[in-house]
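File shown: work16.cif (mmCIF, C-alpha atoms).
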```
data_upload
loop_
_atom_site.group_PDB
_atom_site.id
_atom_site.type_symbol
_atom_site.label_atom_id
_atom_site.label_comp_id
_atom_site.auth_asym_id
_atom_site.auth_seq_id
_atom_site.Cartn_x
_atom_site.Cartn_y
_atom_site.Cartn_z
ATOM 1 C CA MET E 569 0.000 0.000 0.000
ATOM 2 C CA ASP E 570 1.264 3.485 -0.904
ATOM 3 C CA SER E 571 2.192 5.333 2.280
ATOM 4 C CA ASN E 572 1.453 8.637 0.515
ATOM 5 C CA LEU E 573 -2.242 7.809 0.309
ATOM 6 C CA SER E 574 -4.397 9.328 3.037
ATOM 7 C CA ASN E 575 -7.425 8.689 5.234
ATOM 8 C CA GLN E 576 -10.074 10.947 6.675
ATOM 9 C CA VAL E 577 -11.678 10.119 10.002
ATOM 10 C CA VAL E 578 -15.255 11.298 9.555
ATOM 11 C CA ALA E 579 -16.483 10.498 13.077
ATOM 12 C CA ALA E 580 -15.417 8.561 16.163
ATOM 13 C CA ASP E 581 -17.118 8.049 19.499
ATOM 14 C CA PHE E 582 -17.977 5.691 22.339
ATOM 15 C CA SER E 583 -21.590 4.659 23.007
ATOM 16 C CA PHE E 584 -23.176 2.869 25.930
ATOM 17 C CA HIS E 585 -26.780 1.646 25.751
ATOM 18 C CA ARG E 586 -29.063 0.599 28.602
ATOM 19 C CA LYS E 587 -32.234 0.873 26.546
ATOM 20 C CA PRO E 588 -33.306 -0.975 23.386
ATOM 21 C CA PHE E 589 -31.756 0.405 20.211
ATOM 22 C CA LYS E 590 -32.172 -0.478 16.543
ATOM 23 C CA MET E 591 -30.587 0.773 13.339
ATOM 24 C CA SER E 592 -31.040 -0.575 9.841
ATOM 25 C CA LEU E 593 -29.504 0.834 6.655
ATOM 26 C CA ALA E 594 -30.070 -1.160 3.489
ATOM 27 C CA ASP E 595 -27.297 0.704 1.678
ATOM 28 C CA GLY E 596 -25.001 0.985 4.672
ATOM 29 C CA PHE E 597 -22.679 3.948 5.121
ATOM 30 C CA ASP E 598 -20.577 5.821 2.584
ATOM 31 C CA THR E 599 -17.477 5.179 4.735
ATOM 32 C CA TYR E 600 -15.728 2.253 6.373
ATOM 33 C CA LEU E 601 -16.952 1.506 9.877
ATOM 34 C CA MET E 602 -14.997 -0.175 12.655
ATOM 35 C CA ARG E 603 -17.220 -0.995 15.616
ATOM 36 C CA TRP E 604 -15.601 -2.659 18.636
ATOM 37 C CA GLN E 605 -17.860 -4.152 21.302
ATOM 38 C CA THR E 606 -16.304 -3.508 24.729
ATOM 39 C CA ASP E 607 -19.235 -4.174 27.085
ATOM 40 C CA GLY E 608 -22.346 -6.331 27.051
ATOM 41 C CA LYS E 609 -23.869 -7.782 23.909
ATOM 42 C CA CYS E 610 -25.819 -6.834 20.796
ATOM 43 C CA ARG E 611 -26.738 -8.351 17.462
ATOM 44 C CA ALA E 612 -25.597 -7.260 14.022
ATOM 45 C CA LYS E 613 -26.196 -8.435 10.473
ATOM 46 C CA ILE E 614 -23.234 -10.515 9.353
ATOM 47 C CA ASP E 615 -23.389 -12.552 6.142
ATOM 48 C CA ASP E 616 -27.113 -11.791 5.757
ATOM 49 C CA LYS E 617 -28.129 -12.970 9.226
ATOM 50 C CA LEU E 618 -28.326 -11.410 12.678
ATOM 51 C CA SER E 619 -25.425 -12.701 14.753
ATOM 52 C CA LEU E 620 -24.520 -12.286 18.399
ATOM 53 C CA VAL E 621 -21.795 -9.721 19.061
ATOM 54 C CA GLU E 622 -20.005 -9.975 22.407
ATOM 55 C CA ALA E 623 -17.325 -7.988 24.210
ATOM 56 C CA GLY E 624 -14.122 -8.249 22.190
ATOM 57 C CA ASP E 625 -15.808 -8.578 18.800
ATOM 58 C CA LEU E 626 -14.650 -6.055 16.192
ATOM 59 C CA LEU E 627 -16.978 -5.459 13.237
ATOM 60 C CA ILE E 628 -15.683 -3.977 9.985
ATOM 61 C CA PHE E 629 -18.191 -2.744 7.411
ATOM 62 C CA THR E 630 -17.274 -1.433 3.978
ATOM 63 C CA PRO E 631 -18.963 1.450 2.140
ATOM 64 C CA GLY E 632 -22.379 0.385 0.874
ATOM 65 C CA GLN E 633 -22.490 -2.827 2.909
ATOM 66 C CA PRO E 634 -25.970 -3.360 4.461
ATOM 67 C CA TYR E 635 -25.938 -2.508 8.163
ATOM 68 C CA GLU E 636 -28.283 -3.643 10.897
ATOM 69 C CA LEU E 637 -27.738 -3.365 14.640
ATOM 70 C CA ARG E 638 -30.060 -4.408 17.455
ATOM 71 C CA ILE E 639 -29.600 -3.959 21.186
ATOM 72 C CA ASP E 640 -32.218 -5.846 23.199
ATOM 73 C CA ASP E 641 -32.385 -8.063 26.277
ATOM 74 C CA GLU E 642 -29.462 -10.493 26.526
ATOM 75 C CA TYR E 643 -28.366 -12.823 29.295
ATOM 76 C CA ASN E 644 -25.404 -11.530 31.289
ATOM 77 C CA ALA E 645 -22.712 -13.594 33.043
ATOM 78 C CA LEU E 646 -25.068 -14.165 35.995
ATOM 79 C CA GLY E 647 -27.795 -15.522 33.768
ATOM 80 C CA GLU E 648 -29.927 -12.396 34.169
ATOM 81 C CA LEU E 649 -31.730 -10.670 31.318
ATOM 82 C CA THR E 650 -30.348 -7.174 30.921
ATOM 83 C CA ILE E 651 -29.809 -4.476 28.301
ATOM 84 C CA GLU E 652 -26.181 -3.396 28.234
ATOM 85 C CA SER E 653 -23.984 -2.616 25.260
ATOM 86 C CA GLY E 654 -20.865 -0.472 24.962
ATOM 87 C CA ASP E 655 -18.752 0.104 21.877
ATOM 88 C CA TYR E 656 -16.165 2.284 20.171
ATOM 89 C CA HIS E 657 -16.953 3.161 16.566
ATOM 90 C CA ILE E 658 -14.885 4.893 13.899
ATOM 91 C CA PHE E 659 -16.071 6.037 10.475
ATOM 92 C CA PHE E 660 -13.232 6.645 8.020
ATOM 93 C CA LYS E 661 -12.573 6.795 4.295
ATOM 94 C CA GLY E 662 -9.868 7.551 1.792
ATOM 95 C CA PRO E 663 -7.506 6.047 -0.777
ATOM 96 C CA TRP E 664 -5.343 4.359 1.858
ATOM 97 C CA ALA E 665 -8.383 2.671 3.414
ATOM 98 C CA ASP E 666 -9.470 1.424 -0.019
ATOM 99 C CA ALA E 667 -6.007 0.036 -0.736
ATOM 100 C CA TRP E 668 -5.854 -1.589 2.704
ATOM 101 C CA TRP E 669 -9.237 -3.257 2.389
ATOM 102 C CA ASN E 670 -8.587 -4.515 -1.135
ATOM 103 C CA SER E 671 -5.178 -5.939 -0.232
ATOM 104 C CA LYS E 672 -6.634 -9.102 1.369
ATOM 105 C CA LYS E 673 -9.869 -10.782 2.365
ATOM 106 C CA ARG E 674 -11.048 -10.127 5.923
ATOM 107 C CA PRO E 675 -14.114 -11.334 7.840
ATOM 108 C CA THR E 676 -16.751 -8.864 8.982
ATOM 109 C CA LYS E 677 -16.337 -10.006 12.603
ATOM 110 C CA ILE E 678 -12.896 -10.344 14.188
ATOM 111 C CA ARG E 679 -12.059 -11.283 17.759
ATOM 112 C CA VAL E 680 -9.821 -8.639 19.373
ATOM 113 C CA PRO E 681 -8.578 -8.984 22.979
ATOM 114 C CA LEU E 682 -9.790 -6.200 25.265
ATOM 115 C CA GLU E 683 -6.264 -5.035 25.973
ATOM 116 C CA GLU E 684 -4.605 -1.646 26.310
ATOM 117 C CA ARG E 685 -2.674 -1.912 23.039
ATOM 118 C CA TYR E 686 -5.972 -1.779 21.132
ATOM 119 C CA LEU E 687 -8.011 0.340 23.562
ATOM 120 C CA GLY E 688 -5.330 3.021 23.405
ATOM 121 C CA LEU E 689 -5.657 3.330 19.624
ATOM 122 C CA PHE E 690 -9.435 3.739 19.762
ATOM 123 C CA ARG E 691 -9.158 6.295 22.567
ATOM 124 C CA GLN E 692 -6.517 8.277 20.693
ATOM 125 C CA ILE E 693 -8.684 8.507 17.579
ATOM 126 C CA LEU E 694 -11.717 9.494 19.655
ATOM 127 C CA LEU E 695 -9.805 12.236 21.496
ATOM 128 C CA GLU E 696 -8.396 13.619 18.248
ATOM 129 C CA GLN E 697 -11.928 13.880 16.844
ATOM 130 C CA ARG E 698 -13.100 15.809 19.890
ATOM 131 C CA ARG E 699 -10.577 18.595 19.385
ATOM 132 C CA VAL E 700 -12.320 21.829 18.446
ATOM 133 C CA SER E 701 -9.356 22.921 16.384
ATOM 134 C CA ASP E 702 -7.107 20.277 14.891
ATOM 135 C CA PRO E 703 -4.133 21.538 12.855
ATOM 136 C CA TYR E 704 -2.731 17.986 12.744
ATOM 137 C CA PRO E 705 -5.331 15.699 11.103
ATOM 138 C CA GLU E 706 -2.447 13.451 10.121
ATOM 139 C CA ILE E 707 -2.435 12.095 13.689
ATOM 140 C CA SER E 708 -5.910 10.594 13.229
ATOM 141 C CA ASP E 709 -4.954 9.380 9.769
ATOM 142 C CA TYR E 710 -1.873 7.514 10.926
ATOM 143 C CA THR E 711 -3.524 6.177 14.069
ATOM 144 C CA VAL E 712 -6.252 4.613 11.913
ATOM 145 C CA ARG E 713 -3.556 3.086 9.732
ATOM 146 C CA ILE E 714 -1.878 1.576 12.793
ATOM 147 C CA LEU E 715 -5.240 0.206 13.938
ATOM 148 C CA CYS E 716 -5.894 -1.374 10.538
ATOM 149 C CA LEU E 717 -2.448 -2.942 10.441
ATOM 150 C CA GLU E 718 -2.830 -4.209 14.014
ATOM 151 C CA VAL E 719 -6.009 -5.949 12.857
ATOM 152 C CA ASP E 720 -4.085 -7.574 10.017
ATOM 153 C CA ARG E 721 -1.310 -8.669 12.354
ATOM 154 C CA LEU E 722 -3.876 -10.140 14.719
ATOM 155 C CA LEU E 723 -5.425 -12.087 11.848
ATOM 156 C CA SER E 724 -2.041 -13.363 10.679
ATOM 157 C CA GLU E 725 -1.143 -14.496 14.200
ATOM 158 C CA GLN E 726 -4.453 -16.267 14.646
ATOM 159 C CA PRO E 727 -4.951 -18.445 11.562
ATOM 160 C CA SER E 728 -7.316 -20.585 13.587
ATOM 161 C CA THR E 729 -10.244 -19.178 15.532
ATOM 162 C CA THR E 730 -10.632 -22.125 17.867
ATOM 163 C CA PRO E 731 -11.073 -21.301 21.559
ATOM 164 C CA LYS E 732 -7.742 -22.970 22.375
ATOM 165 C CA THR E 733 -5.666 -20.836 20.016
ATOM 166 C CA TYR E 734 -7.571 -17.703 21.026
ATOM 167 C CA LEU E 735 -6.635 -18.294 24.681
ATOM 168 C CA ALA E 736 -3.019 -19.013 23.739
ATOM 169 C CA TYR E 737 -2.688 -15.739 21.840
ATOM 170 C CA ARG E 738 -4.318 -13.826 24.677
ATOM 171 C CA MET E 739 -1.670 -15.226 27.006
ATOM 172 C CA LYS E 740 1.041 -14.281 24.510
ATOM 173 C CA ASN E 741 -0.270 -10.719 24.372
ATOM 174 C CA TYR E 742 -0.405 -10.575 28.169
ATOM 175 C CA ILE E 743 3.250 -11.604 28.389
ATOM 176 C CA GLU E 744 4.344 -9.039 25.799
ATOM 177 C CA GLU E 745 2.466 -6.229 27.547
ATOM 178 C CA ASN E 746 3.595 -7.137 31.071
ATOM 179 C CA ALA E 747 7.099 -8.517 30.546
ATOM 180 C CA SER E 748 8.701 -5.496 32.234
ATOM 181 C CA SER E 749 6.904 -6.427 35.469
ATOM 182 C CA ILE E 750 7.306 -9.457 37.697
ATOM 183 C CA PHE E 751 4.467 -11.954 37.296
ATOM 184 C CA LYS E 752 3.817 -15.642 37.907
ATOM 185 C CA LEU E 753 2.327 -18.465 35.873
ATOM 186 C CA GLU E 754 -0.812 -18.051 37.983
ATOM 187 C CA ASP E 755 -1.181 -14.461 36.746
ATOM 188 C CA VAL E 756 -0.995 -15.503 33.089
ATOM 189 C CA ALA E 757 -3.547 -18.277 33.609
ATOM 190 C CA ALA E 758 -5.869 -16.023 35.618
ATOM 191 C CA HIS E 759 -5.802 -13.446 32.815
ATOM 192 C CA VAL E 760 -7.653 -15.883 30.552
ATOM 193 C CA GLY E 761 -9.606 -17.615 33.324
ATOM 194 C CA ILE E 762 -8.114 -21.117 33.154
ATOM 195 C CA SER E 763 -5.970 -23.325 35.388
ATOM 196 C CA VAL E 764 -2.182 -23.127 35.373
ATOM 197 C CA SER E 765 -1.826 -26.666 34.015
ATOM 198 C CA ARG E 766 -4.196 -25.939 31.128
ATOM 199 C CA ALA E 767 -2.458 -22.629 30.414
ATOM 200 C CA VAL E 768 0.937 -24.331 30.265
ATOM 201 C CA HIS E 769 -0.389 -27.018 27.920
ATOM 202 C CA LEU E 770 -2.206 -24.635 25.547
ATOM 203 C CA PHE E 771 0.749 -22.263 25.277
ATOM 204 C CA LYS E 772 3.258 -25.030 24.553
ATOM 205 C CA GLU E 773 0.892 -26.585 22.010
ATOM 206 C CA ALA E 774 0.406 -23.263 20.186
ATOM 207 C CA PHE E 775 3.970 -21.905 20.203
ATOM 208 C CA GLY E 776 6.301 -24.824 20.891
ATOM 209 C CA THR E 777 7.836 -23.126 23.918
ATOM 210 C CA THR E 778 6.918 -22.611 27.545
ATOM 211 C CA ILE E 779 5.284 -19.539 29.031
ATOM 212 C CA MET E 780 8.328 -18.723 31.155
ATOM 213 C CA GLN E 781 10.782 -19.324 28.305
ATOM 214 C CA TYR E 782 8.829 -16.968 26.050
ATOM 215 C CA THR E 783 8.707 -14.422 28.875
ATOM 216 C CA MET E 784 12.497 -14.701 29.186
ATOM 217 C CA ASP E 785 12.902 -14.209 25.422
ATOM 218 C CA VAL E 786 10.806 -11.017 25.520
ATOM 219 C CA ARG E 787 12.652 -9.661 28.562
ATOM 220 C CA LEU E 788 16.071 -10.329 27.053
ATOM 221 C CA SER E 789 14.996 -8.626 23.831
ATOM 222 C CA MET E 790 13.872 -5.579 25.827
ATOM 223 C CA ALA E 791 17.123 -5.565 27.779
ATOM 224 C CA LYS E 792 19.275 -5.732 24.617
ATOM 225 C CA GLU E 793 17.478 -2.715 23.160
ATOM 226 C CA ARG E 794 17.902 -0.709 26.364
ATOM 227 C CA ILE E 795 21.563 -1.643 26.720
ATOM 228 C CA VAL E 796 22.272 -0.323 23.223
ATOM 229 C CA PHE E 797 19.960 2.674 22.937
ATOM 230 C CA SER E 798 19.252 3.962 26.464
ATOM 231 C CA PRO E 799 21.467 5.748 29.003
ATOM 232 C CA LEU E 800 20.142 3.521 31.814
ATOM 233 C CA SER E 801 22.641 1.842 34.085
ATOM 234 C CA LEU E 802 22.869 -1.909 33.625
ATOM 235 C CA GLU E 803 21.185 -2.391 36.999
ATOM 236 C CA ASP E 804 18.278 -0.208 35.852
ATOM 237 C CA VAL E 805 18.134 -2.084 32.544
ATOM 238 C CA ALA E 806 17.674 -5.306 34.483
ATOM 239 C CA GLU E 807 14.963 -3.844 36.722
ATOM 240 C CA THR E 808 12.967 -2.191 33.923
ATOM 241 C CA SER E 809 13.148 -5.350 31.808
ATOM 242 C CA GLY E 810 11.433 -7.506 34.413
ATOM 243 C CA PHE E 811 14.402 -9.158 36.143
ATOM 244 C CA ALA E 812 14.273 -9.517 39.919
ATOM 245 C CA ASN E 813 17.920 -8.567 40.399
ATOM 246 C CA TYR E 814 21.075 -7.785 38.436
ATOM 247 C CA THR E 815 22.906 -10.957 39.422
ATOM 248 C CA TYR E 816 20.224 -13.145 37.857
ATOM 249 C CA PHE E 817 20.016 -10.891 34.791
ATOM 250 C CA HIS E 818 23.787 -11.037 34.319
ATOM 251 C CA ARG E 819 23.763 -14.840 34.493
ATOM 252 C CA VAL E 820 20.957 -15.415 31.972
ATOM 253 C CA PHE E 821 22.248 -12.704 29.612
ATOM 254 C CA ARG E 822 25.724 -14.231 29.483
ATOM 255 C CA SER E 823 24.257 -17.710 29.076
ATOM 256 C CA ARG E 824 22.127 -16.568 26.111
ATOM 257 C CA PHE E 825 24.545 -14.250 24.284
ATOM 258 C CA GLY E 826 27.983 -15.446 25.401
ATOM 259 C CA VAL E 827 29.023 -12.038 26.774
ATOM 260 C CA SER E 828 28.146 -9.989 29.842
ATOM 261 C CA PRO E 829 25.740 -7.028 29.591
ATOM 262 C CA LYS E 830 28.708 -4.666 30.052
ATOM 263 C CA GLN E 831 30.693 -6.317 27.258
ATOM 264 C CA PHE E 832 27.603 -6.217 24.999
ATOM 265 C CA ARG E 833 27.161 -2.470 25.627
ATOM 266 C CA MET E 834 30.828 -1.722 24.971
ATOM 267 C CA ALA E 835 30.840 -3.762 21.763
ATOM 268 C CA SER E 836 27.664 -2.135 20.447
ATOM 269 C CA ARG E 837 28.991 1.371 21.087
ATOM 270 C CA THR E 838 32.341 0.585 19.513
ATOM 271 C CA SER E 839 30.677 -0.659 16.340
ATOM 272 C CA ASN E 840 28.403 2.423 15.962
#
```
Written as structure tokens, that's how I'd like the structure from this file.
Amino acid sequence: MDSNLSNQVVAADFSFHRKPFKMSLADGFDTYLMRWQTDGKCRAKIDDKLSLVEAGDLLIFTPGQPYELRIDDEYNALGELTIESGDYHIFFKGPWADAWWNSKKRPTKIRVPLEERYLGLFRQILLEQRRVSDPYPEISDYTVRILCLEVDRLLSEQPSTTPKTYLAYRMKNYIEENASSIFKLEDVAAHVGISVSRAVHLFKEAFGTTIMQYTMDVRLSMAKERIVFSPLSLEDVAETSGFANYTYFHRVFRSRFGVSPKQFRMASRTSN
């Protein structure tokens, strides 16, 4: 896709419904629509039939695609009938969006983990749209591009939509977002609501490595970047990369790369 092409964010907002709501447009919108369910449930027309949309479901509609949305009574987690539906929605259009959409086939409904990496993008676009005066519309444009490409990356990382692989990728995302902090296997398992033994099995089955080994890989990658590009002391590099102490960090770094953190820093600065 040509990076010189542009987008226009026409509208962006967050809605929360506690009363019945219906919308039906036979000819859809004249823009692309991304609608991300964050709370409760609703129903939307997908492939010519009304389908349940739950928290974490991202809907993408193209210009002219028929649109129907219904928010009525649904059973909540306690088995009670209630009306509750919250969502972010972004309307955008432009040559870049056309090129992005036409570059590959995507489903109308995509499962997206309710995590900060995605929430932050939606919030940023929403806040940019609320500015009374915006001399930098490029910020919204490029944030939408990042969001679209994050969707594509998510699809490429999740070739299968089975519950097992979905849970495995949610654990992987949790590790990547929290690697700079100290956490336990129990924390990773609790994040997706399963037992530690099941979490360990699903992760190894999906990625061929253990949860703690992958966590170590991410932390070492973070540490290498900070050793080379940051002015942090090596002790601070260890702490901010999720290692409990410098002695342990030094040992695993040397074991992995064959040199100490200090030698790695000196070599990288000598070569630049």
What does the PyMOL selection byres ((chain E and resi 693-701) around 7) select in this file, as a compact mmCIF listing (two decimals) with C-alpha atoms, in the frame of the given file?
```txt
# COMPACT_ATOMS: atom_id res chain seq x y z
CA ALA E 579 -16.48 10.50 13.08
CA ALA E 580 -15.42 8.56 16.16
CA ASP E 581 -17.12 8.05 19.50
CA LEU E 689 -5.66 3.33 19.62
CA PHE E 690 -9.44 3.74 19.76
CA ARG E 691 -9.16 6.30 22.57
CA GLN E 692 -6.52 8.28 20.69
CA ASP E 702 -7.11 20.28 14.89
CA PRO E 703 -4.13 21.54 12.86
CA SER E 708 -5.91 10.59 13.23
CA THR E 711 -3.52 6.18 14.07
```
So what does the PyMOL selection byres ((chain E and resi 749) around 12) actually pick up in this one, as a PDB file with C-alpha atoms, in the frame of the given file?
```pdb
ATOM      1  CA  TYR E 742      -0.405 -10.575  28.169  1.00  0.00           C
ATOM      2  CA  ILE E 743       3.250 -11.604  28.389  1.00  0.00           C
ATOM      3  CA  GLU E 744       4.344  -9.039  25.799  1.00  0.00           C
ATOM      4  CA  GLU E 745       2.466  -6.229  27.547  1.00  0.00           C
ATOM      5  CA  ASN E 746       3.595  -7.137  31.071  1.00  0.00           C
ATOM      6  CA  ALA E 747       7.099  -8.517  30.546  1.00  0.00           C
ATOM      7  CA  SER E 748       8.701  -5.496  32.234  1.00  0.00           C
ATOM      8  CA  ILE E 750       7.306  -9.457  37.697  1.00  0.00           C
ATOM      9  CA  PHE E 751       4.467 -11.954  37.296  1.00  0.00           C
ATOM     10  CA  LYS E 752       3.817 -15.642  37.907  1.00  0.00           C
ATOM     11  CA  ASP E 755      -1.181 -14.461  36.746  1.00  0.00           C
ATOM     12  CA  THR E 783       8.707 -14.422  28.875  1.00  0.00           C
ATOM     13  CA  MET E 784      12.497 -14.701  29.186  1.00  0.00           C
ATOM     14  CA  VAL E 786      10.806 -11.017  25.520  1.00  0.00           C
ATOM     15  CA  ARG E 787      12.652  -9.661  28.562  1.00  0.00           C
ATOM     16  CA  MET E 790      13.872  -5.579  25.827  1.00  0.00           C
ATOM     17  CA  ALA E 806      17.674  -5.306  34.483  1.00  0.00           C
ATOM     18  CA  GLU E 807      14.963  -3.844  36.722  1.00  0.00           C
ATOM     19  CA  THR E 808      12.967  -2.191  33.923  1.00  0.00           C
ATOM     20  CA  SER E 809      13.148  -5.350  31.808  1.00  0.00           C
ATOM     21  CA  GLY E 810      11.433  -7.506  34.413  1.00  0.00           C
ATOM     22  CA  PHE E 811      14.402  -9.158  36.143  1.00  0.00           C
ATOM     23  CA  ALA E 812      14.273  -9.517  39.919  1.00  0.00           C
TER      24      ALA E 812
END
```
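Minimum distance to Leu717 in chain E across E:Arg824, E:Lys677, E:Lys672, E:Lys792 (counting all atoms listed in the file) occurs at E:Lys672.
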Exercise for the section: Work out how far apart CA of His585 in chain E and CA of Ile651 in chain E are and give it in Å to one decimal. Expected result: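 So the two atoms, CA of His585 in chain E and CA of Ile651 in chain E, lie 7.3 Å apart.
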Exercise for the section: Using the chain letters and numbering of this document, enumerate as a VMD selection string the residues selected by the PyMOL selection byres ((chain E and resi 757) around 12). Expected result: chain E and resid 735 to 736 738 to 740 742 to 743 751 to 756 758 to 771 779
Write the residues of the preceding selection, restricted to C-alpha atoms, as a short mmCIF file (atom, residue, chain, number, x, y, z; two decimals), in the frame of the given file.
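Dumped everything to out02.cif:
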```cif
data_model
loop_
_atom_site.label_atom_id
_atom_site.label_comp_id
_atom_site.auth_asym_id
_atom_site.auth_seq_id
_atom_site.Cartn_x
_atom_site.Cartn_y
_atom_site.Cartn_z
CA LEU E 735 -6.64 -18.29 24.68
CA ALA E 736 -3.02 -19.01 23.74
CA ARG E 738 -4.32 -13.83 24.68
CA MET E 739 -1.67 -15.23 27.01
CA LYS E 740 1.04 -14.28 24.51
CA TYR E 742 -0.40 -10.58 28.17
CA ILE E 743 3.25 -11.60 28.39
CA PHE E 751 4.47 -11.95 37.30
CA LYS E 752 3.82 -15.64 37.91
CA LEU E 753 2.33 -18.46 35.87
CA GLU E 754 -0.81 -18.05 37.98
CA ASP E 755 -1.18 -14.46 36.75
CA VAL E 756 -1.00 -15.50 33.09
CA ALA E 758 -5.87 -16.02 35.62
CA HIS E 759 -5.80 -13.45 32.82
CA VAL E 760 -7.65 -15.88 30.55
CA GLY E 761 -9.61 -17.61 33.32
CA ILE E 762 -8.11 -21.12 33.15
CA SER E 763 -5.97 -23.32 35.39
CA VAL E 764 -2.18 -23.13 35.37
CA SER E 765 -1.83 -26.67 34.02
CA ARG E 766 -4.20 -25.94 31.13
CA ALA E 767 -2.46 -22.63 30.41
CA VAL E 768 0.94 -24.33 30.26
CA HIS E 769 -0.39 -27.02 27.92
CA LEU E 770 -2.21 -24.64 25.55
CA PHE E 771 0.75 -22.26 25.28
CA ILE E 779 5.28 -19.54 29.03
#
```
Handout entry: Pick from E:Arg674, E:Leu802, E:Phe817, E:Gly647 nearest to Lys830 in chain E, counting all atoms listed in the file
Key =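 So, comparing all the options, the nearest one is E:Leu802.
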Exercise for the section: Figure out the distance between CA of Tyr814 in chain E and CA of Phe797 in chain E, please, to one decimal in Å. Expected result: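 The value is 18.7 Å.
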Handout entry: Residue nearest Lys587 in chain E - candidates E:Gln605, E:Ser653, E:Gln633, E:Ser619, atoms counted: only C-alpha atoms
Key =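 Looking at the shortest contact to Lys587 in chain E, the residue is E:Ser653.
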Exercise for the section: Could you tell me how far CA of Pro631 in chain E lies from CA of Glu683 in chain E, in Å and to one decimal? Expected result: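 Interatomic distance, CA of Pro631 in chain E to CA of Glu683 in chain E: 27.8 Å.
Closest approach to His818 in chain E from the set E:Glu725, E:Glu803, E:Asp615, E:Asp598 is made by E:Glu803, with distances taken over only C-alpha atoms.
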Fill-in result for range 654-665 of chain E, N, CA, C and O atoms as a compact mmCIF listing (two decimals), in the frame of the given file:
```txt
# COMPACT_ATOMS: atom_id res chain seq x y z
N GLY E 654 -21.80 -1.58 25.13
CA GLY E 654 -20.86 -0.47 24.96
C GLY E 654 -19.94 -0.74 23.80
O GLY E 654 -19.52 -1.88 23.59
N ASP E 655 -19.62 0.30 23.03
CA ASP E 655 -18.75 0.10 21.88
C ASP E 655 -18.05 1.39 21.47
O ASP E 655 -18.54 2.49 21.67
N TYR E 656 -16.85 1.22 20.90
CA TYR E 656 -16.16 2.28 20.17
C TYR E 656 -16.53 2.13 18.69
O TYR E 656 -16.64 1.01 18.19
N HIS E 657 -16.70 3.24 18.00
CA HIS E 657 -16.95 3.16 16.57
C HIS E 657 -16.24 4.30 15.85
O HIS E 657 -16.20 5.43 16.32
N ILE E 658 -15.66 3.95 14.70
CA ILE E 658 -14.88 4.89 13.90
C ILE E 658 -15.35 4.81 12.46
O ILE E 658 -15.39 3.73 11.87
N PHE E 659 -15.71 5.95 11.89
CA PHE E 659 -16.07 6.04 10.48
C PHE E 659 -14.90 6.71 9.75
O PHE E 659 -14.50 7.82 10.12
N PHE E 660 -14.38 6.06 8.73
CA PHE E 660 -13.23 6.64 8.02
C PHE E 660 -13.29 6.28 6.53
O PHE E 660 -13.95 5.31 6.14
N LYS E 661 -12.59 7.05 5.73
CA LYS E 661 -12.57 6.80 4.30
C LYS E 661 -11.31 7.39 3.70
O LYS E 661 -10.61 8.18 4.35
N GLY E 662 -11.03 7.01 2.48
CA GLY E 662 -9.87 7.55 1.79
C GLY E 662 -9.15 6.52 0.96
O GLY E 662 -9.39 5.31 1.08
N PRO E 663 -8.24 6.97 0.11
CA PRO E 663 -7.51 6.05 -0.78
C PRO E 663 -6.71 4.99 -0.03
O PRO E 663 -6.63 3.84 -0.47
N TRP E 664 -6.11 5.35 1.11
CA TRP E 664 -5.34 4.36 1.86
C TRP E 664 -6.26 3.26 2.38
O TRP E 664 -5.92 2.08 2.31
N ALA E 665 -7.43 3.65 2.90
CA ALA E 665 -8.38 2.67 3.41
C ALA E 665 -8.83 1.72 2.31
O ALA E 665 -8.95 0.51 2.52
```
